[in-house]
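Peer 1: mmCIF, C-alpha atoms and all ligand atoms, file target_9.cif:
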```cif
data_target
#
loop_
_atom_site.group_PDB
_atom_site.id
_atom_site.type_symbol
_atom_site.label_atom_id
_atom_site.label_comp_id
_atom_site.auth_asym_id
_atom_site.auth_seq_id
_atom_site.Cartn_x
_atom_site.Cartn_y
_atom_site.Cartn_z
ATOM 1 C CA MET A 1 12.048 -11.419 -12.322
ATOM 2 C CA PRO A 2 9.385 -12.648 -9.924
ATOM 3 C CA ARG A 3 5.907 -11.399 -9.402
ATOM 4 C CA ALA A 4 5.460 -9.097 -6.420
ATOM 5 C CA VAL A 5 2.577 -8.184 -4.147
ATOM 6 C CA TYR A 6 2.524 -4.747 -2.496
ATOM 7 C CA PRO A 7 -0.001 -5.135 0.330
ATOM 8 C CA GLY A 8 -1.379 -2.432 2.593
ATOM 9 C CA SER A 9 -4.340 -0.514 3.902
ATOM 10 C CA PHE A 10 -3.994 2.336 1.388
ATOM 11 C CA ASP A 11 -6.639 4.367 3.241
ATOM 12 C CA PRO A 12 -6.049 6.294 1.036
ATOM 13 C CA MET A 13 -3.203 5.957 -1.496
ATOM 14 C CA THR A 14 -0.542 8.656 -0.984
ATOM 15 C CA ASN A 15 2.411 9.907 -3.039
ATOM 16 C CA GLY A 16 4.577 7.808 -0.697
ATOM 17 C CA HIS A 17 2.745 4.632 -1.745
ATOM 18 C CA LEU A 18 2.966 5.741 -5.375
ATOM 19 C CA ASP A 19 6.725 6.157 -5.057
ATOM 20 C CA ILE A 20 7.015 2.532 -3.878
ATOM 21 C CA VAL A 21 4.773 1.351 -6.733
ATOM 22 C CA ALA A 22 7.002 3.167 -9.255
ATOM 23 C CA ALA A 23 10.140 1.504 -7.859
ATOM 24 C CA ALA A 24 8.503 -1.942 -7.699
ATOM 25 C CA ALA A 25 7.218 -1.612 -11.286
ATOM 26 C CA GLU A 26 10.841 -1.164 -12.423
ATOM 27 C CA LEU A 27 12.183 -4.039 -10.345
ATOM 28 C CA PHE A 28 9.552 -6.730 -10.991
ATOM 29 C CA ASP A 29 7.739 -8.117 -14.023
ATOM 30 C CA ASN A 30 4.372 -7.875 -12.343
ATOM 31 C CA VAL A 31 3.196 -5.965 -9.313
ATOM 32 C CA ILE A 32 -0.145 -6.466 -7.588
ATOM 33 C CA VAL A 33 -1.147 -3.629 -5.266
ATOM 34 C CA ALA A 34 -3.337 -5.531 -2.804
ATOM 35 C CA VAL A 35 -5.721 -3.747 -0.439
ATOM 36 C CA LEU A 36 -6.145 -5.619 2.817
ATOM 37 C CA ASN A 37 -9.793 -6.016 3.710
ATOM 38 C CA ASN A 38 -9.536 -5.887 7.490
ATOM 39 C CA PRO A 39 -12.925 -5.527 9.223
ATOM 40 C CA ASP A 40 -11.130 -4.972 12.577
ATOM 41 C CA LYS A 41 -9.548 -1.738 11.348
ATOM 42 C CA LYS A 42 -11.798 1.300 10.940
ATOM 43 C CA SER A 43 -11.214 2.857 7.535
ATOM 44 C CA LEU A 44 -12.350 6.108 5.903
ATOM 45 C CA PHE A 45 -12.681 4.617 2.414
ATOM 46 C CA SER A 46 -14.303 1.287 1.559
ATOM 47 C CA VAL A 47 -12.121 -1.383 -0.040
ATOM 48 C CA GLU A 48 -13.789 -0.658 -3.407
ATOM 49 C CA GLU A 49 -13.169 3.086 -3.089
ATOM 50 C CA ARG A 50 -9.533 2.485 -2.154
ATOM 51 C CA MET A 51 -9.054 0.137 -5.124
ATOM 52 C CA GLU A 52 -10.646 2.670 -7.483
ATOM 53 C CA LEU A 53 -8.339 5.457 -6.236
ATOM 54 C CA ILE A 54 -5.281 3.214 -6.596
ATOM 55 C CA ARG A 55 -6.354 2.200 -10.123
ATOM 56 C CA ALA A 56 -6.635 5.857 -11.122
ATOM 57 C CA SER A 57 -3.183 6.586 -9.655
ATOM 58 C CA VAL A 58 -1.274 3.657 -11.205
ATOM 59 C CA LYS A 59 -2.830 3.560 -14.674
ATOM 60 C CA ALA A 60 0.465 4.679 -16.282
ATOM 61 C CA TYR A 61 2.125 1.409 -15.199
ATOM 62 C CA THR A 62 1.183 -1.413 -17.554
ATOM 63 C CA ASN A 63 2.656 -4.112 -15.280
ATOM 64 C CA VAL A 64 0.763 -3.013 -12.155
ATOM 65 C CA SER A 65 -2.674 -4.352 -11.217
ATOM 66 C CA VAL A 66 -4.944 -3.717 -8.240
ATOM 67 C CA ASP A 67 -6.695 -6.310 -6.105
ATOM 68 C CA SER A 68 -7.958 -6.867 -2.566
ATOM 69 C CA PHE A 69 -7.600 -9.737 -0.135
ATOM 70 C CA SER A 70 -8.672 -10.857 3.305
ATOM 71 C CA GLY A 71 -7.001 -13.311 5.618
ATOM 72 C CA LEU A 72 -3.319 -14.161 5.600
ATOM 73 C CA LEU A 73 -0.912 -12.522 3.187
ATOM 74 C CA ALA A 74 1.004 -15.828 3.071
ATOM 75 C CA ASP A 75 -2.105 -17.524 1.630
ATOM 76 C CA TYR A 76 -2.921 -14.692 -0.767
ATOM 77 C CA THR A 77 0.616 -14.649 -2.232
ATOM 78 C CA ARG A 78 0.444 -18.424 -2.711
ATOM 79 C CA LEU A 79 -2.861 -18.011 -4.564
ATOM 80 C CA GLN A 80 -1.307 -15.347 -6.797
ATOM 81 C CA THR A 81 1.905 -17.382 -7.307
ATOM 82 C CA ALA A 82 3.854 -14.354 -6.114
ATOM 83 C CA ASP A 83 7.161 -14.980 -4.322
ATOM 84 C CA VAL A 84 7.889 -11.419 -3.280
ATOM 85 C CA VAL A 85 6.181 -9.045 -0.871
ATOM 86 C CA VAL A 86 7.120 -5.387 -1.253
ATOM 87 C CA ARG A 87 6.950 -3.051 1.735
ATOM 88 C CA GLY A 88 8.095 0.539 2.067
ATOM 89 C CA LEU A 89 10.324 1.780 4.880
ATOM 90 C CA ARG A 90 10.121 5.365 6.131
ATOM 91 C CA SER A 91 11.813 5.006 9.476
ATOM 92 C CA VAL A 92 13.356 2.739 12.086
ATOM 93 C CA GLN A 93 9.845 2.382 13.535
ATOM 94 C CA ASP A 94 8.608 0.984 10.209
ATOM 95 C CA PHE A 95 11.552 -1.440 10.183
ATOM 96 C CA GLU A 96 10.837 -2.648 13.704
ATOM 97 C CA ALA A 97 7.207 -3.293 12.844
ATOM 98 C CA GLU A 98 7.998 -4.924 9.501
ATOM 99 C CA ILE A 99 10.738 -7.394 10.478
ATOM 100 C CA PRO A 100 8.539 -9.714 12.615
ATOM 101 C CA MET A 101 5.880 -9.707 9.867
ATOM 102 C CA ALA A 102 8.468 -10.616 7.223
ATOM 103 C CA HIS A 103 9.763 -13.478 9.382
ATOM 104 C CA MET A 104 6.294 -14.757 10.179
ATOM 105 C CA ASN A 105 5.195 -14.587 6.532
ATOM 106 C CA ARG A 106 8.227 -16.656 5.524
ATOM 107 C CA ARG A 107 7.438 -19.164 8.250
ATOM 108 C CA LEU A 108 3.906 -19.485 6.855
ATOM 109 C CA ASN A 109 5.022 -19.562 3.211
ATOM 110 C CA ALA A 110 8.614 -20.753 2.758
ATOM 111 C CA GLN A 111 8.744 -19.376 -0.820
ATOM 112 C CA LEU A 112 8.026 -15.860 0.289
ATOM 113 C CA ARG A 113 10.668 -13.113 0.458
ATOM 114 C CA THR A 114 9.925 -9.612 1.710
ATOM 115 C CA VAL A 115 11.754 -6.845 -0.123
ATOM 116 C CA PHE A 116 11.984 -3.481 1.642
ATOM 117 C CA LEU A 117 12.210 -0.355 -0.443
ATOM 118 C CA PRO A 118 13.257 2.886 1.236
ATOM 119 C CA ALA A 119 10.949 5.866 0.925
ATOM 120 C CA SER A 120 12.345 8.527 -1.390
ATOM 121 C CA LEU A 121 13.454 11.812 0.106
ATOM 122 C CA GLY A 122 10.512 14.147 -0.156
ATOM 123 C CA VAL A 123 7.811 11.563 0.598
ATOM 124 C CA ALA A 124 9.231 9.832 3.681
ATOM 125 C CA ASP A 125 7.093 12.009 5.978
ATOM 126 C CA ILE A 126 3.783 11.135 4.280
ATOM 127 C CA SER A 127 1.327 8.727 5.877
ATOM 128 C CA SER A 128 -2.347 8.048 5.172
ATOM 129 C CA SER A 129 -3.264 8.988 8.737
ATOM 130 C CA LEU A 130 -1.538 12.400 8.605
ATOM 131 C CA VAL A 131 -3.081 13.075 5.201
ATOM 132 C CA LYS A 132 -6.544 12.345 6.630
ATOM 133 C CA GLN A 133 -5.971 14.718 9.548
ATOM 134 C CA ILE A 134 -4.832 17.490 7.188
ATOM 135 C CA ALA A 135 -7.833 16.907 4.912
ATOM 136 C CA MET A 136 -10.237 16.869 7.858
ATOM 137 C CA HIS A 137 -9.058 20.338 8.880
ATOM 138 C CA GLY A 138 -9.088 21.710 5.332
ATOM 139 C CA GLY A 139 -5.280 21.885 4.959
ATOM 140 C CA ALA A 140 -3.421 21.835 1.637
ATOM 141 C CA LEU A 141 -2.853 18.366 0.188
ATOM 142 C CA THR A 142 -0.518 19.543 -2.578
ATOM 143 C CA GLY A 143 2.348 17.105 -3.066
ATOM 144 C CA LEU A 144 0.949 14.614 -0.573
ATOM 145 C CA VAL A 145 -1.581 12.613 -2.589
ATOM 146 C CA PRO A 146 -2.605 12.121 -6.237
ATOM 147 C CA ASP A 147 -5.255 14.598 -7.482
ATOM 148 C CA ASP A 148 -8.069 12.014 -7.509
ATOM 149 C CA VAL A 149 -7.341 11.194 -3.874
ATOM 150 C CA ALA A 150 -7.310 14.886 -2.893
ATOM 151 C CA ARG A 151 -10.740 15.300 -4.524
ATOM 152 C CA ALA A 152 -12.095 12.170 -2.823
ATOM 153 C CA LEU A 153 -10.835 13.346 0.584
ATOM 154 C CA LYS A 154 -12.511 16.741 0.122
ATOM 155 C CA ARG A 155 -15.773 14.998 -0.773
ATOM 156 C CA LYS A 156 -15.574 12.785 2.335
ATOM 157 C CA TYR A 157 -14.865 15.572 4.800
ATOM 158 C CA HIS A 158 -16.467 18.665 3.293
ATOM 159 C CA ASN A 159 -19.478 17.515 1.358
HETATM 160 P P1 LIG A 201 -0.330 -0.923 6.487
HETATM 161 O O1 LIG A 201 -1.524 -0.733 7.347
HETATM 162 O O2 LIG A 201 -0.209 -2.304 5.921
HETATM 163 O O3 LIG A 201 0.981 -0.417 7.064
HETATM 164 P P2 LIG A 201 -0.225 1.366 4.755
HETATM 165 O O4 LIG A 201 -1.204 1.716 3.688
HETATM 166 O O5 LIG A 201 -0.077 2.328 5.890
HETATM 167 O O6 LIG A 201 -0.665 -0.060 5.211
HETATM 168 O O7 LIG A 201 1.205 1.147 4.140
HETATM 169 C C1 LIG A 201 1.444 0.164 3.163
HETATM 170 C C2 LIG A 201 2.935 0.077 2.912
HETATM 171 O O8 LIG A 201 3.394 1.308 2.348
HETATM 172 C C3 LIG A 201 3.790 -0.144 4.151
HETATM 173 O O9 LIG A 201 4.905 -0.943 3.782
HETATM 174 C C4 LIG A 201 4.273 1.248 4.499
HETATM 175 O O10 LIG A 201 5.489 1.230 5.225
HETATM 176 C C5 LIG A 201 4.455 1.824 3.116
HETATM 177 N N1 LIG A 201 4.383 3.283 3.099
HETATM 178 C C6 LIG A 201 3.403 4.062 3.604
HETATM 179 N N2 LIG A 201 3.679 5.375 3.414
HETATM 180 C C7 LIG A 201 4.872 5.415 2.772
HETATM 181 C C8 LIG A 201 5.737 6.466 2.321
HETATM 182 N N3 LIG A 201 5.424 7.750 2.517
HETATM 183 N N4 LIG A 201 6.877 6.132 1.694
HETATM 184 C C9 LIG A 201 7.217 4.833 1.537
HETATM 185 N N5 LIG A 201 6.463 3.787 1.950
HETATM 186 C C10 LIG A 201 5.323 4.070 2.560
#
```
Would you give me this structure, written as structure tokens?
Ligand code: ADP
Peer 2:
Amino acid sequence: MPRAVYPGSFDPMTNGHLDIVAAAAELFDNVIVAVLNNPDKKSLFSVEERMELIRASVKAYTNVSVDSFSGLLADYTRLQTADVVVRGLRSVQDFEAEIPMAHMNRRLNAQLRTVFLPASLGVADISSSLVKQIAMHGGALTGLVPDDVARALKRKYHN
């Protein structure tokens, strides 16, 4: 089975992301969770912090590694000799946003296939942005993010 890259902002990693990692780890020999370093997008956690939180969350999966990249995903996947991009789908809105990216990535790298994995029931409503809003207002993060991420969010907002 091919090597897969699961790219994203992961600002921060949620239980929804983790659910996709678990599925991808079963489907592919190797999975690279790749944090996009995008200076145009304001993030709460630095790329290093995000990678560290992902590492802590995926350590049970021996075939999953964590990396970061900047620039085009089509170039990064070529560099990693990965032929599959994994993306999670929560909704029709996700699908509409993802389809043009999948097409464009294949145009830029003809080897590249995007595989969409549906969010599991129970995590389909989780997004990094909602989690940050809840954390900012001191709401309960139980079931939304891994414990390390919950602690890191509390440190960021309520230090
Ligand atoms: P991006 O900015 O690239 O969308 P995200 O960190 O928001 O980065 O998401 C990375 C990937 O994870 C995307 O494919 C997104 O659809 C997926 N994803 C995010 N939250 C969930 C969730 N709760 N369940 C399944 N997939 C999810």
Peer 1: Excluding segment 31-43 of chain A and its own-chain neighbours fewer than 5 positions away, which residues fall within 12 Å of it when counting all atoms listed in the file? Please give them as a PDB file with C-alpha atoms, in the coordinates of the input.
Peer 2:
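Once everything was written out, this is selection_36.pdb:
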```pdb
ATOM      1  CA  MET A   1      12.048 -11.419 -12.322  1.00  0.00           C
ATOM      2  CA  PRO A   2       9.385 -12.648  -9.924  1.00  0.00           C
ATOM      3  CA  ARG A   3       5.907 -11.399  -9.402  1.00  0.00           C
ATOM      4  CA  ALA A   4       5.460  -9.097  -6.420  1.00  0.00           C
ATOM      5  CA  VAL A   5       2.577  -8.184  -4.147  1.00  0.00           C
ATOM      6  CA  TYR A   6       2.524  -4.747  -2.496  1.00  0.00           C
ATOM      7  CA  PRO A   7      -0.001  -5.135   0.330  1.00  0.00           C
ATOM      8  CA  GLY A   8      -1.379  -2.432   2.593  1.00  0.00           C
ATOM      9  CA  SER A   9      -4.340  -0.514   3.902  1.00  0.00           C
ATOM     10  CA  PHE A  10      -3.994   2.336   1.388  1.00  0.00           C
ATOM     11  CA  ASP A  11      -6.639   4.367   3.241  1.00  0.00           C
ATOM     12  CA  PRO A  12      -6.049   6.294   1.036  1.00  0.00           C
ATOM     13  CA  MET A  13      -3.203   5.957  -1.496  1.00  0.00           C
ATOM     14  CA  HIS A  17       2.745   4.632  -1.745  1.00  0.00           C
ATOM     15  CA  LEU A  18       2.966   5.741  -5.375  1.00  0.00           C
ATOM     16  CA  ILE A  20       7.015   2.532  -3.878  1.00  0.00           C
ATOM     17  CA  VAL A  21       4.773   1.351  -6.733  1.00  0.00           C
ATOM     18  CA  ALA A  22       7.002   3.167  -9.255  1.00  0.00           C
ATOM     19  CA  ALA A  23      10.140   1.504  -7.859  1.00  0.00           C
ATOM     20  CA  ALA A  24       8.503  -1.942  -7.699  1.00  0.00           C
ATOM     21  CA  ALA A  25       7.218  -1.612 -11.286  1.00  0.00           C
ATOM     22  CA  GLU A  26      10.841  -1.164 -12.423  1.00  0.00           C
ATOM     23  CA  GLU A  48     -13.789  -0.658  -3.407  1.00  0.00           C
ATOM     24  CA  GLU A  49     -13.169   3.086  -3.089  1.00  0.00           C
ATOM     25  CA  ARG A  50      -9.533   2.485  -2.154  1.00  0.00           C
ATOM     26  CA  MET A  51      -9.054   0.137  -5.124  1.00  0.00           C
ATOM     27  CA  GLU A  52     -10.646   2.670  -7.483  1.00  0.00           C
ATOM     28  CA  LEU A  53      -8.339   5.457  -6.236  1.00  0.00           C
ATOM     29  CA  ILE A  54      -5.281   3.214  -6.596  1.00  0.00           C
ATOM     30  CA  ARG A  55      -6.354   2.200 -10.123  1.00  0.00           C
ATOM     31  CA  SER A  57      -3.183   6.586  -9.655  1.00  0.00           C
ATOM     32  CA  VAL A  58      -1.274   3.657 -11.205  1.00  0.00           C
ATOM     33  CA  LYS A  59      -2.830   3.560 -14.674  1.00  0.00           C
ATOM     34  CA  TYR A  61       2.125   1.409 -15.199  1.00  0.00           C
ATOM     35  CA  THR A  62       1.183  -1.413 -17.554  1.00  0.00           C
ATOM     36  CA  ASN A  63       2.656  -4.112 -15.280  1.00  0.00           C
ATOM     37  CA  VAL A  64       0.763  -3.013 -12.155  1.00  0.00           C
ATOM     38  CA  SER A  65      -2.674  -4.352 -11.217  1.00  0.00           C
ATOM     39  CA  VAL A  66      -4.944  -3.717  -8.240  1.00  0.00           C
ATOM     40  CA  ASP A  67      -6.695  -6.310  -6.105  1.00  0.00           C
ATOM     41  CA  SER A  68      -7.958  -6.867  -2.566  1.00  0.00           C
ATOM     42  CA  PHE A  69      -7.600  -9.737  -0.135  1.00  0.00           C
ATOM     43  CA  SER A  70      -8.672 -10.857   3.305  1.00  0.00           C
ATOM     44  CA  GLY A  71      -7.001 -13.311   5.618  1.00  0.00           C
ATOM     45  CA  LEU A  72      -3.319 -14.161   5.600  1.00  0.00           C
ATOM     46  CA  LEU A  73      -0.912 -12.522   3.187  1.00  0.00           C
ATOM     47  CA  TYR A  76      -2.921 -14.692  -0.767  1.00  0.00           C
ATOM     48  CA  THR A  77       0.616 -14.649  -2.232  1.00  0.00           C
ATOM     49  CA  GLN A  80      -1.307 -15.347  -6.797  1.00  0.00           C
ATOM     50  CA  THR A  81       1.905 -17.382  -7.307  1.00  0.00           C
ATOM     51  CA  ALA A  82       3.854 -14.354  -6.114  1.00  0.00           C
ATOM     52  CA  ASP A  83       7.161 -14.980  -4.322  1.00  0.00           C
ATOM     53  CA  VAL A  84       7.889 -11.419  -3.280  1.00  0.00           C
ATOM     54  CA  VAL A  85       6.181  -9.045  -0.871  1.00  0.00           C
ATOM     55  CA  VAL A  86       7.120  -5.387  -1.253  1.00  0.00           C
ATOM     56  CA  ARG A  87       6.950  -3.051   1.735  1.00  0.00           C
ATOM     57  CA  SER A 128      -2.347   8.048   5.172  1.00  0.00           C
ATOM     58  CA  SER A 129      -3.264   8.988   8.737  1.00  0.00           C
ATOM     59  CA  LYS A 132      -6.544  12.345   6.630  1.00  0.00           C
TER      60      LYS A 132
END
```
Peer 1: From the set A:Gly88, A:Val115, A:Lys156, A:Arg151, which residue has the shortest atom-to-atom contact distance to Phe28 of chain A, counting only C-alpha atoms?
Peer 2: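 Of A:Gly88, A:Val115, A:Lys156, A:Arg151, the one nearest Phe28 of chain A, counting only C-alpha atoms, is A:Val115.
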Peer 1: What's around Arg106 of chain A at 8 Å? Count only C-alpha atoms, leave out sequence neighbours fewer than 6 positions away in its own chain, and write the answer as number ranges by chain.
Peer 2: A: 74, 112-113
Peer 1: Can you translate the PyMOL selection byres (((chain A and resi 119) around 9) and not hetatm) into the concrete residues it hits in this file, as a compact mmCIF listing (two decimals) with C-alpha atoms, in the frame of the given file?
Peer 2:
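New file selection20.txt:
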```txt
# COMPACT_ATOMS: atom_id res chain seq x y z
CA GLY A 16 4.58 7.81 -0.70
CA HIS A 17 2.74 4.63 -1.74
CA ASP A 19 6.72 6.16 -5.06
CA ILE A 20 7.02 2.53 -3.88
CA GLY A 88 8.10 0.54 2.07
CA LEU A 89 10.32 1.78 4.88
CA ARG A 90 10.12 5.36 6.13
CA SER A 91 11.81 5.01 9.48
CA LEU A 117 12.21 -0.36 -0.44
CA PRO A 118 13.26 2.89 1.24
CA SER A 120 12.34 8.53 -1.39
CA LEU A 121 13.45 11.81 0.11
CA GLY A 122 10.51 14.15 -0.16
CA VAL A 123 7.81 11.56 0.60
CA ALA A 124 9.23 9.83 3.68
CA ASP A 125 7.09 12.01 5.98
```
Peer 1: Using all atoms listed in the file, pick whichever of A:Leu44, A:Leu79, A:Met101, A:Ile126 has the shortest atom-to-atom distance to ligand LIG 201 (chain A).
Peer 2: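 Result for the nearest residue to ligand LIG 201 (chain A): A:Ile126.
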Peer 1: Counting all atoms listed in the file, which of A:His137, A:Val145, A:Asp75, A:Pro100 gets nearest to ligand LIG 201 (chain A)?
Peer 2: A:Val145
Peer 1: Separation of atom O10 of ligand LIG 201 (chain A) and atom CA of Asp147 of chain A, in Å?
Peer 2: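 For atom O10 of ligand LIG 201 (chain A) relative to atom CA of Asp147 of chain A, the distance reads 21.3 Å.
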Peer 1: Looking at only C-alpha atoms and all ligand atoms, which of A:Thr142, A:Gln111, A:Asn30, A:Ser127 is the one that sits closest to ligand LIG 201 (chain A)?
Peer 2: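 Result for the nearest residue to ligand LIG 201 (chain A): A:Ser127.
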Peer 1: Ranking A:Leu153, A:Ala102, A:Ala56, A:Met136 by minimum distance to ligand LIG 201 (chain A) and counting all atoms listed in the file, which one comes first?
Peer 2: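 Among A:Leu153, A:Ala102, A:Ala56, A:Met136, it is A:Ala102 that comes nearest to ligand LIG 201 (chain A).
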Peer 1: State, in Å with one decimal place, the distance from atom C7 of ligand LIG 201 (chain A) to atom CA of Ala150 of chain A.
Peer 2: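 Computed distance, atom C7 of ligand LIG 201 (chain A) to atom CA of Ala150 of chain A, equals 16.4 Å.
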Peer 1: Could you tell me how far atom C3 of ligand LIG 201 (chain A) lies from atom CA of Arg107 of chain A, in Å and to one decimal?
Peer 2: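 Result for atom C3 of ligand LIG 201 (chain A) versus atom CA of Arg107 of chain A: 19.8 Å, one decimal.
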Peer 1: Please, what is the axis-aligned box for every listed atom of ligand LIG 201 (chain A) with 4 Å on each side, as centre and edge lengths in Å to one decimal, as AutoDock Vina command-line options?
Peer 2:
```
--center_x 2.8 --center_y 2.7 --center_z 4.4 --size_x 16.7 --size_y 18.1 --size_z 13.8
```
Peer 1: Smallest atom-to-atom distance to ligand LIG 201 (chain A): which of A:Gln133, A:Phe116, A:Val149, A:Ser46, using only C-alpha atoms and all ligand atoms?
Peer 2: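 Closest to ligand LIG 201 (chain A) of all the choices is A:Phe116.
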Peer 1: Take segment 14-25 of chain A, model N, CA, C and O atoms, and hand the result over as an mmCIF file, keeping the file's coordinate frame.
Peer 2:
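New file part-v3.cif:
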```cif
data_model
loop_
_atom_site.group_PDB
_atom_site.id
_atom_site.type_symbol
_atom_site.label_atom_id
_atom_site.label_comp_id
_atom_site.auth_asym_id
_atom_site.auth_seq_id
_atom_site.Cartn_x
_atom_site.Cartn_y
_atom_site.Cartn_z
ATOM 1 N N THR A 14 -1.260 7.374 -1.062
ATOM 2 C CA THR A 14 -0.542 8.656 -0.984
ATOM 3 C C THR A 14 0.583 8.674 -2.029
ATOM 4 O O THR A 14 0.877 7.656 -2.667
ATOM 5 N N ASN A 15 1.256 9.827 -2.141
ATOM 6 C CA ASN A 15 2.411 9.907 -3.039
ATOM 7 C C ASN A 15 3.562 9.036 -2.540
ATOM 8 O O ASN A 15 4.420 8.632 -3.321
ATOM 9 N N GLY A 16 3.574 8.730 -1.234
ATOM 10 C CA GLY A 16 4.577 7.808 -0.697
ATOM 11 C C GLY A 16 4.347 6.395 -1.207
ATOM 12 O O GLY A 16 5.274 5.713 -1.649
ATOM 13 N N HIS A 17 3.094 5.957 -1.181
ATOM 14 C CA HIS A 17 2.745 4.632 -1.745
ATOM 15 C C HIS A 17 3.094 4.590 -3.242
ATOM 16 O O HIS A 17 3.632 3.596 -3.732
ATOM 17 N N LEU A 18 2.750 5.688 -3.924
ATOM 18 C CA LEU A 18 2.966 5.741 -5.375
ATOM 19 C C LEU A 18 4.451 5.634 -5.719
ATOM 20 O O LEU A 18 4.825 5.005 -6.723
ATOM 21 N N ASP A 19 5.279 6.213 -4.876
ATOM 22 C CA ASP A 19 6.725 6.157 -5.057
ATOM 23 C C ASP A 19 7.217 4.701 -4.954
ATOM 24 O O ASP A 19 8.073 4.256 -5.724
ATOM 25 N N ILE A 20 6.643 3.949 -4.031
ATOM 26 C CA ILE A 20 7.015 2.532 -3.878
ATOM 27 C C ILE A 20 6.510 1.732 -5.082
ATOM 28 O O ILE A 20 7.216 0.867 -5.607
ATOM 29 N N VAL A 21 5.313 2.043 -5.548
ATOM 30 C CA VAL A 21 4.773 1.351 -6.733
ATOM 31 C C VAL A 21 5.695 1.592 -7.929
ATOM 32 O O VAL A 21 6.024 0.652 -8.675
ATOM 33 N N ALA A 22 6.134 2.831 -8.115
ATOM 34 C CA ALA A 22 7.002 3.167 -9.255
ATOM 35 C C ALA A 22 8.302 2.361 -9.200
ATOM 36 O O ALA A 22 8.748 1.815 -10.218
ATOM 37 N N ALA A 23 8.886 2.258 -8.014
ATOM 38 C CA ALA A 23 10.140 1.504 -7.859
ATOM 39 C C ALA A 23 9.894 0.017 -8.103
ATOM 40 O O ALA A 23 10.665 -0.643 -8.812
ATOM 41 N N ALA A 24 8.806 -0.508 -7.549
ATOM 42 C CA ALA A 24 8.503 -1.942 -7.699
ATOM 43 C C ALA A 24 8.217 -2.284 -9.160
ATOM 44 O O ALA A 24 8.611 -3.351 -9.645
ATOM 45 N N ALA A 25 7.558 -1.367 -9.867
ATOM 46 C CA ALA A 25 7.218 -1.612 -11.286
ATOM 47 C C ALA A 25 8.482 -1.728 -12.138
ATOM 48 O O ALA A 25 8.500 -2.428 -13.145
#
```
